[in-house]
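Note: the block below is data_4.cif and it holds mmCIF, N, CA and C atoms.
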data_model
loop_
_atom_site.label_atom_id
_atom_site.label_comp_id
_atom_site.auth_asym_id
_atom_site.auth_seq_id
_atom_site.Cartn_x
_atom_site.Cartn_y
_atom_site.Cartn_z
N MET A 13 0.84 -1.17 0.00
CA MET A 13 0.00 0.00 0.00
C MET A 13 0.89 1.25 0.00
N MET A 14 0.51 2.23 -0.79
CA MET A 14 1.32 3.44 -0.91
C MET A 14 1.10 4.36 0.29
N GLU A 15 2.17 5.01 0.69
CA GLU A 15 2.07 6.01 1.75
C GLU A 15 1.43 7.28 1.19
N GLN A 16 0.58 7.90 1.97
CA GLN A 16 -0.06 9.14 1.57
C GLN A 16 -0.05 10.12 2.74
N PRO A 17 1.12 10.57 3.14
CA PRO A 17 1.22 11.39 4.35
C PRO A 17 0.49 12.73 4.27
N LYS A 18 0.27 13.26 3.08
CA LYS A 18 -0.40 14.56 2.96
C LYS A 18 -1.88 14.45 2.67
N ASN A 19 -2.40 13.25 2.56
CA ASN A 19 -3.82 13.04 2.28
C ASN A 19 -4.58 12.90 3.60
N PRO A 20 -5.39 13.91 3.97
CA PRO A 20 -6.08 13.84 5.26
C PRO A 20 -7.15 12.74 5.32
N LEU A 21 -7.54 12.18 4.18
CA LEU A 21 -8.52 11.10 4.18
C LEU A 21 -7.87 9.73 4.33
N HIS A 22 -6.56 9.67 4.12
CA HIS A 22 -5.86 8.39 4.19
C HIS A 22 -5.97 7.79 5.59
N GLY A 23 -6.43 6.57 5.65
CA GLY A 23 -6.56 5.87 6.92
C GLY A 23 -7.83 6.18 7.69
N LYS A 24 -8.65 7.08 7.17
CA LYS A 24 -9.91 7.44 7.83
C LYS A 24 -11.02 6.54 7.32
N THR A 25 -11.82 6.04 8.22
CA THR A 25 -12.98 5.26 7.81
C THR A 25 -14.15 6.19 7.52
N LEU A 26 -15.07 5.70 6.73
CA LEU A 26 -16.28 6.47 6.45
C LEU A 26 -17.03 6.75 7.75
N GLU A 27 -17.02 5.80 8.64
CA GLU A 27 -17.69 5.98 9.94
C GLU A 27 -17.07 7.14 10.72
N SER A 28 -15.74 7.24 10.70
CA SER A 28 -15.11 8.33 11.45
C SER A 28 -15.41 9.68 10.80
N LEU A 29 -15.50 9.72 9.45
CA LEU A 29 -15.85 10.97 8.78
C LEU A 29 -17.24 11.42 9.20
N VAL A 30 -18.20 10.52 9.13
CA VAL A 30 -19.58 10.87 9.48
C VAL A 30 -19.68 11.27 10.94
N THR A 31 -19.00 10.55 11.81
CA THR A 31 -19.03 10.85 13.24
C THR A 31 -18.44 12.24 13.52
N GLU A 32 -17.30 12.53 12.91
CA GLU A 32 -16.67 13.84 13.14
C GLU A 32 -17.52 14.97 12.56
N LEU A 33 -18.09 14.76 11.37
CA LEU A 33 -18.94 15.79 10.77
C LEU A 33 -20.18 16.04 11.62
N SER A 34 -20.82 14.98 12.09
CA SER A 34 -22.04 15.16 12.89
C SER A 34 -21.72 15.80 14.24
N THR A 35 -20.56 15.54 14.78
CA THR A 35 -20.15 16.17 16.03
C THR A 35 -19.85 17.65 15.81
N TYR A 36 -19.16 17.96 14.74
CA TYR A 36 -18.75 19.34 14.46
C TYR A 36 -19.93 20.22 14.05
N TYR A 37 -20.74 19.73 13.11
CA TYR A 37 -21.84 20.54 12.58
C TYR A 37 -23.18 20.29 13.26
N GLY A 38 -23.38 19.08 13.77
CA GLY A 38 -24.70 18.67 14.24
C GLY A 38 -25.49 18.13 13.05
N TRP A 39 -26.44 17.24 13.32
CA TRP A 39 -27.18 16.60 12.23
C TRP A 39 -27.99 17.60 11.41
N GLU A 40 -28.58 18.60 12.07
CA GLU A 40 -29.43 19.54 11.34
C GLU A 40 -28.62 20.32 10.29
N VAL A 41 -27.49 20.86 10.69
CA VAL A 41 -26.65 21.61 9.76
C VAL A 41 -26.06 20.67 8.71
N LEU A 42 -25.67 19.48 9.13
CA LEU A 42 -25.13 18.50 8.20
C LEU A 42 -26.16 18.17 7.12
N GLY A 43 -27.42 18.03 7.52
CA GLY A 43 -28.50 17.78 6.56
C GLY A 43 -28.75 18.94 5.63
N GLU A 44 -28.48 20.16 6.10
CA GLU A 44 -28.61 21.33 5.23
C GLU A 44 -27.46 21.40 4.22
N LYS A 45 -26.27 21.02 4.67
CA LYS A 45 -25.09 21.08 3.79
C LYS A 45 -25.10 19.95 2.76
N ILE A 46 -25.55 18.78 3.17
CA ILE A 46 -25.67 17.64 2.26
C ILE A 46 -27.08 17.07 2.46
N ASN A 47 -27.95 17.38 1.54
CA ASN A 47 -29.36 17.03 1.68
C ASN A 47 -29.62 15.59 1.28
N ILE A 48 -29.36 14.69 2.24
CA ILE A 48 -29.71 13.29 2.05
C ILE A 48 -30.55 12.85 3.23
N ARG A 49 -31.48 11.97 2.97
CA ARG A 49 -32.47 11.56 3.97
C ARG A 49 -31.84 11.03 5.26
N SER A 50 -30.74 10.31 5.13
CA SER A 50 -30.13 9.74 6.33
C SER A 50 -29.51 10.81 7.24
N PHE A 51 -29.41 12.05 6.75
CA PHE A 51 -28.95 13.16 7.59
C PHE A 51 -30.12 14.01 8.08
N THR A 52 -31.28 13.92 7.42
CA THR A 52 -32.38 14.82 7.73
C THR A 52 -33.56 14.16 8.45
N HIS A 53 -33.74 12.85 8.31
CA HIS A 53 -34.87 12.15 8.93
C HIS A 53 -34.34 11.03 9.82
N ASN A 54 -34.52 11.18 11.11
CA ASN A 54 -34.00 10.22 12.10
C ASN A 54 -32.54 9.88 11.83
N PRO A 55 -31.67 10.89 11.83
CA PRO A 55 -30.27 10.66 11.46
C PRO A 55 -29.52 9.78 12.46
N SER A 56 -28.67 8.97 11.92
CA SER A 56 -27.77 8.16 12.74
C SER A 56 -26.55 7.81 11.89
N VAL A 57 -25.48 7.48 12.56
CA VAL A 57 -24.27 7.08 11.84
C VAL A 57 -24.55 5.80 11.07
N LYS A 58 -25.25 4.86 11.69
CA LYS A 58 -25.52 3.56 11.05
C LYS A 58 -26.32 3.72 9.75
N SER A 59 -27.40 4.49 9.79
CA SER A 59 -28.21 4.65 8.58
C SER A 59 -27.44 5.43 7.51
N SER A 60 -26.64 6.37 7.94
CA SER A 60 -25.85 7.15 6.99
C SER A 60 -24.82 6.27 6.29
N LEU A 61 -24.16 5.41 7.05
CA LEU A 61 -23.15 4.53 6.47
C LEU A 61 -23.76 3.60 5.43
N ALA A 62 -24.93 3.05 5.73
CA ALA A 62 -25.59 2.14 4.79
C ALA A 62 -25.84 2.85 3.46
N PHE A 63 -26.31 4.09 3.52
CA PHE A 63 -26.59 4.84 2.29
C PHE A 63 -25.30 5.24 1.58
N LEU A 64 -24.36 5.78 2.33
CA LEU A 64 -23.13 6.30 1.73
C LEU A 64 -22.28 5.21 1.08
N ARG A 65 -22.33 4.02 1.63
CA ARG A 65 -21.53 2.92 1.06
C ARG A 65 -22.02 2.49 -0.31
N LYS A 66 -23.28 2.73 -0.59
CA LYS A 66 -23.80 2.32 -1.90
C LYS A 66 -24.12 3.50 -2.82
N THR A 67 -23.74 4.71 -2.40
CA THR A 67 -24.05 5.91 -3.19
C THR A 67 -22.78 6.76 -3.34
N PRO A 68 -22.03 6.52 -4.42
CA PRO A 68 -20.74 7.22 -4.58
C PRO A 68 -20.83 8.74 -4.58
N TRP A 69 -21.84 9.34 -5.20
CA TRP A 69 -21.92 10.80 -5.24
C TRP A 69 -22.09 11.38 -3.85
N ALA A 70 -22.86 10.69 -3.00
CA ALA A 70 -23.07 11.18 -1.63
C ALA A 70 -21.79 11.03 -0.81
N ARG A 71 -21.10 9.93 -1.01
CA ARG A 71 -19.83 9.72 -0.30
C ARG A 71 -18.83 10.81 -0.68
N GLU A 72 -18.78 11.17 -1.97
CA GLU A 72 -17.88 12.23 -2.41
C GLU A 72 -18.21 13.56 -1.73
N LYS A 73 -19.49 13.84 -1.56
CA LYS A 73 -19.90 15.07 -0.88
C LYS A 73 -19.46 15.06 0.58
N VAL A 74 -19.59 13.91 1.23
CA VAL A 74 -19.17 13.78 2.63
C VAL A 74 -17.66 13.98 2.74
N GLU A 75 -16.90 13.37 1.84
CA GLU A 75 -15.44 13.52 1.87
C GLU A 75 -15.05 14.97 1.62
N SER A 76 -15.72 15.62 0.69
CA SER A 76 -15.44 17.02 0.38
C SER A 76 -15.76 17.92 1.57
N LEU A 77 -16.91 17.69 2.21
CA LEU A 77 -17.28 18.49 3.37
C LEU A 77 -16.31 18.25 4.52
N TYR A 78 -15.83 17.03 4.67
CA TYR A 78 -14.86 16.72 5.71
C TYR A 78 -13.57 17.52 5.51
N LEU A 79 -13.10 17.56 4.26
CA LEU A 79 -11.89 18.34 3.95
C LEU A 79 -12.13 19.83 4.22
N TYR A 80 -13.31 20.33 3.89
CA TYR A 80 -13.66 21.71 4.16
C TYR A 80 -13.67 21.98 5.66
N MET A 81 -14.23 21.05 6.43
CA MET A 81 -14.26 21.18 7.89
C MET A 81 -12.84 21.27 8.45
N LEU A 82 -11.95 20.43 7.94
CA LEU A 82 -10.55 20.48 8.41
C LEU A 82 -9.92 21.83 8.13
N ARG A 83 -10.21 22.40 6.95
CA ARG A 83 -9.68 23.74 6.63
C ARG A 83 -10.27 24.80 7.56
N GLU A 84 -11.57 24.69 7.86
CA GLU A 84 -12.21 25.63 8.79
C GLU A 84 -11.55 25.57 10.16
N ILE A 85 -11.31 24.37 10.64
CA ILE A 85 -10.69 24.18 11.95
C ILE A 85 -9.28 24.77 11.96
N LYS A 86 -8.53 24.50 10.90
CA LYS A 86 -7.16 25.02 10.80
C LYS A 86 -7.16 26.55 10.77
N ARG A 87 -8.10 27.14 9.99
CA ARG A 87 -8.19 28.61 9.91
C ARG A 87 -8.54 29.20 11.27
N SER A 88 -9.47 28.58 11.97
CA SER A 88 -9.89 29.14 13.26
C SER A 88 -8.75 29.06 14.30
N LYS A 89 -7.90 28.07 14.18
CA LYS A 89 -6.75 27.99 15.10
C LYS A 89 -5.68 29.01 14.76
N ASN A 90 -5.57 29.35 13.48
CA ASN A 90 -4.55 30.32 13.05
C ASN A 90 -4.99 31.76 13.25
N HIS A 91 -6.30 32.00 13.35
CA HIS A 91 -6.83 33.35 13.52
C HIS A 91 -7.76 33.40 14.73
N PRO A 92 -7.20 33.65 15.90
CA PRO A 92 -8.03 33.66 17.12
C PRO A 92 -9.02 34.78 17.19
#
Go through the file and emit its structure as structure tokens.
Amino acid sequence: MMEQPKNPLHGKTLESLVTELSTYYGWEVLGEKINIRSFTHNPSVKSSLAFLRKTPWAREKVESLYLYMLREIKRSKNHP
């Protein structure tokens, strides 16, 4: 397996992405940012994972939002 030290998604599970996003944004905001039923109606990590594993476009949106969240966190630490 190739090393990817600069890839923030490397080694991250889909479950950890969803968990971190839901913790950071909350389910309501997460559902507004990515409008999928598993985020807006009785949201849970388990139901989200089932949908995201079989829906590549939704998974790409989650990965993209995760990278955006990391940039937001980094910016907020650099600018108090």
Would you mind listing what lies within 8 Å of A:Val74 as a ChimeraX atom specification, with all atoms listed in the file counted and same-chain residues fewer than 4 positions away left out? /A:29-30,46,68-70,78-80
At what distance in Å, to one decimal, does atom CA of A:Arg49 lie from atom CA of A:Gly23? 26.7 Å
Separation of atom CA of A:Thr25 from atom CA of A:Ala62, in Å and rounded to one decimal: 13.3 Å
What lies within 12 Å of A:Tyr37 using only C-alpha atoms, ignoring chain neighbours under 3 positions off, as an mmCIF file with N, CA and C atoms, in the frame of the given file?
data_model
loop_
_atom_site.group_PDB
_atom_site.id
_atom_site.type_symbol
_atom_site.label_atom_id
_atom_site.label_comp_id
_atom_site.auth_asym_id
_atom_site.auth_seq_id
_atom_site.Cartn_x
_atom_site.Cartn_y
_atom_site.Cartn_z
ATOM 1 N N LEU A 29 -15.500 9.720 9.450
ATOM 2 C CA LEU A 29 -15.850 10.970 8.780
ATOM 3 C C LEU A 29 -17.240 11.420 9.200
ATOM 4 N N VAL A 30 -18.200 10.520 9.130
ATOM 5 C CA VAL A 30 -19.580 10.870 9.480
ATOM 6 C C VAL A 30 -19.680 11.270 10.940
ATOM 7 N N THR A 31 -19.000 10.550 11.810
ATOM 8 C CA THR A 31 -19.030 10.850 13.240
ATOM 9 C C THR A 31 -18.440 12.240 13.520
ATOM 10 N N GLU A 32 -17.300 12.530 12.910
ATOM 11 C CA GLU A 32 -16.670 13.840 13.140
ATOM 12 C C GLU A 32 -17.520 14.970 12.560
ATOM 13 N N LEU A 33 -18.090 14.760 11.370
ATOM 14 C CA LEU A 33 -18.940 15.790 10.770
ATOM 15 C C LEU A 33 -20.180 16.040 11.620
ATOM 16 N N SER A 34 -20.820 14.980 12.090
ATOM 17 C CA SER A 34 -22.040 15.160 12.890
ATOM 18 C C SER A 34 -21.720 15.800 14.240
ATOM 19 N N GLU A 40 -28.580 18.600 12.070
ATOM 20 C CA GLU A 40 -29.430 19.540 11.340
ATOM 21 C C GLU A 40 -28.620 20.320 10.290
ATOM 22 N N VAL A 41 -27.490 20.860 10.690
ATOM 23 C CA VAL A 41 -26.650 21.610 9.760
ATOM 24 C C VAL A 41 -26.060 20.670 8.710
ATOM 25 N N LEU A 42 -25.670 19.480 9.130
ATOM 26 C CA LEU A 42 -25.130 18.500 8.200
ATOM 27 C C LEU A 42 -26.160 18.170 7.120
ATOM 28 N N GLY A 43 -27.420 18.030 7.520
ATOM 29 C CA GLY A 43 -28.500 17.780 6.560
ATOM 30 C C GLY A 43 -28.750 18.940 5.630
ATOM 31 N N GLU A 44 -28.480 20.160 6.100
ATOM 32 C CA GLU A 44 -28.610 21.330 5.230
ATOM 33 C C GLU A 44 -27.460 21.400 4.220
ATOM 34 N N LYS A 45 -26.270 21.020 4.670
ATOM 35 C CA LYS A 45 -25.090 21.080 3.790
ATOM 36 C C LYS A 45 -25.100 19.950 2.760
ATOM 37 N N ILE A 46 -25.550 18.780 3.170
ATOM 38 C CA ILE A 46 -25.670 17.640 2.260
ATOM 39 C C ILE A 46 -27.080 17.070 2.460
ATOM 40 N N PHE A 51 -29.410 12.050 6.750
ATOM 41 C CA PHE A 51 -28.950 13.160 7.590
ATOM 42 C C PHE A 51 -30.120 14.010 8.080
ATOM 43 N N LEU A 77 -16.910 17.690 2.210
ATOM 44 C CA LEU A 77 -17.280 18.490 3.370
ATOM 45 C C LEU A 77 -16.310 18.250 4.520
ATOM 46 N N TYR A 78 -15.830 17.030 4.670
ATOM 47 C CA TYR A 78 -14.860 16.720 5.710
ATOM 48 C C TYR A 78 -13.570 17.520 5.510
ATOM 49 N N TYR A 80 -13.310 20.330 3.890
ATOM 50 C CA TYR A 80 -13.660 21.710 4.160
ATOM 51 C C TYR A 80 -13.670 21.980 5.660
ATOM 52 N N MET A 81 -14.230 21.050 6.430
ATOM 53 C CA MET A 81 -14.260 21.180 7.890
ATOM 54 C C MET A 81 -12.840 21.270 8.450
ATOM 55 N N GLU A 84 -11.570 24.690 7.860
ATOM 56 C CA GLU A 84 -12.210 25.630 8.790
ATOM 57 C C GLU A 84 -11.550 25.570 10.160
ATOM 58 N N ILE A 85 -11.310 24.370 10.640
ATOM 59 C CA ILE A 85 -10.690 24.180 11.950
ATOM 60 C C ILE A 85 -9.280 24.770 11.960
#
One decimal, Å: what's the distance from atom CA of A:Lys73 over to atom N of A:Asn54, could you say?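 Answer for the atom CA of A:Lys73 to atom N of A:Asn54 separation: 19.3 Å.
For A:Ser60, the list of residues within 6.5 Å, based on only N, CA and C atoms and with local chain neighbours fewer than 5 positions off taken out, reads Ser50, Phe51, Pro55 and Arg65 of chain A.
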Output N, CA and C atoms of each residue in that selection to a file, as an mmCIF file, in the frame of the given file.
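Saved to selection_6.cif:
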data_model
loop_
_atom_site.group_PDB
_atom_site.id
_atom_site.type_symbol
_atom_site.label_atom_id
_atom_site.label_comp_id
_atom_site.auth_asym_id
_atom_site.auth_seq_id
_atom_site.Cartn_x
_atom_site.Cartn_y
_atom_site.Cartn_z
ATOM 1 N N SER A 50 -30.740 10.310 5.130
ATOM 2 C CA SER A 50 -30.130 9.740 6.330
ATOM 3 C C SER A 50 -29.510 10.810 7.240
ATOM 4 N N PHE A 51 -29.410 12.050 6.750
ATOM 5 C CA PHE A 51 -28.950 13.160 7.590
ATOM 6 C C PHE A 51 -30.120 14.010 8.080
ATOM 7 N N PRO A 55 -31.670 10.890 11.830
ATOM 8 C CA PRO A 55 -30.270 10.660 11.460
ATOM 9 C C PRO A 55 -29.520 9.780 12.460
ATOM 10 N N ARG A 65 -22.330 4.020 1.630
ATOM 11 C CA ARG A 65 -21.530 2.920 1.060
ATOM 12 C C ARG A 65 -22.020 2.490 -0.310
#
So which one's closest to A:Arg71, A:Leu26, A:Leu21, A:Tyr36, A:Lys89? Using only C-alpha atoms, please. A:Leu26
Write down as a ChimeraX atom specification the residues of chain A whose backbone DSSP state falls under helix (DSSP H, G or I). /A:26-37,39-45,49-52,57-65,68-90
Name the closest residue to A:Asn19 among the candidates A:Lys66, A:Trp39, A:Ser88, A:Leu82; distances are taken between atoms, counting only C-alpha atoms.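 The answer is A:Leu82, which sits nearest to A:Asn19.
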Each side padded by 3 Å, which centre and which edge lengths in Å (one decimal) define the axis-aligned box around the listed atoms of stretch 68-86 of chain A? Give them as AutoDock Vina command-line options.
--center_x -15.1 --center_y 16.5 --center_z 3.4 --size_x 21.9 --size_y 26.0 --size_z 23.2
Distance criterion (only C-alpha atoms): nearest to A:Glu75 out of A:Lys58, A:His53, A:Lys18, A:Lys24: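 Looking only at the distances to A:Glu75, the closest residue turns out to be A:Lys24.
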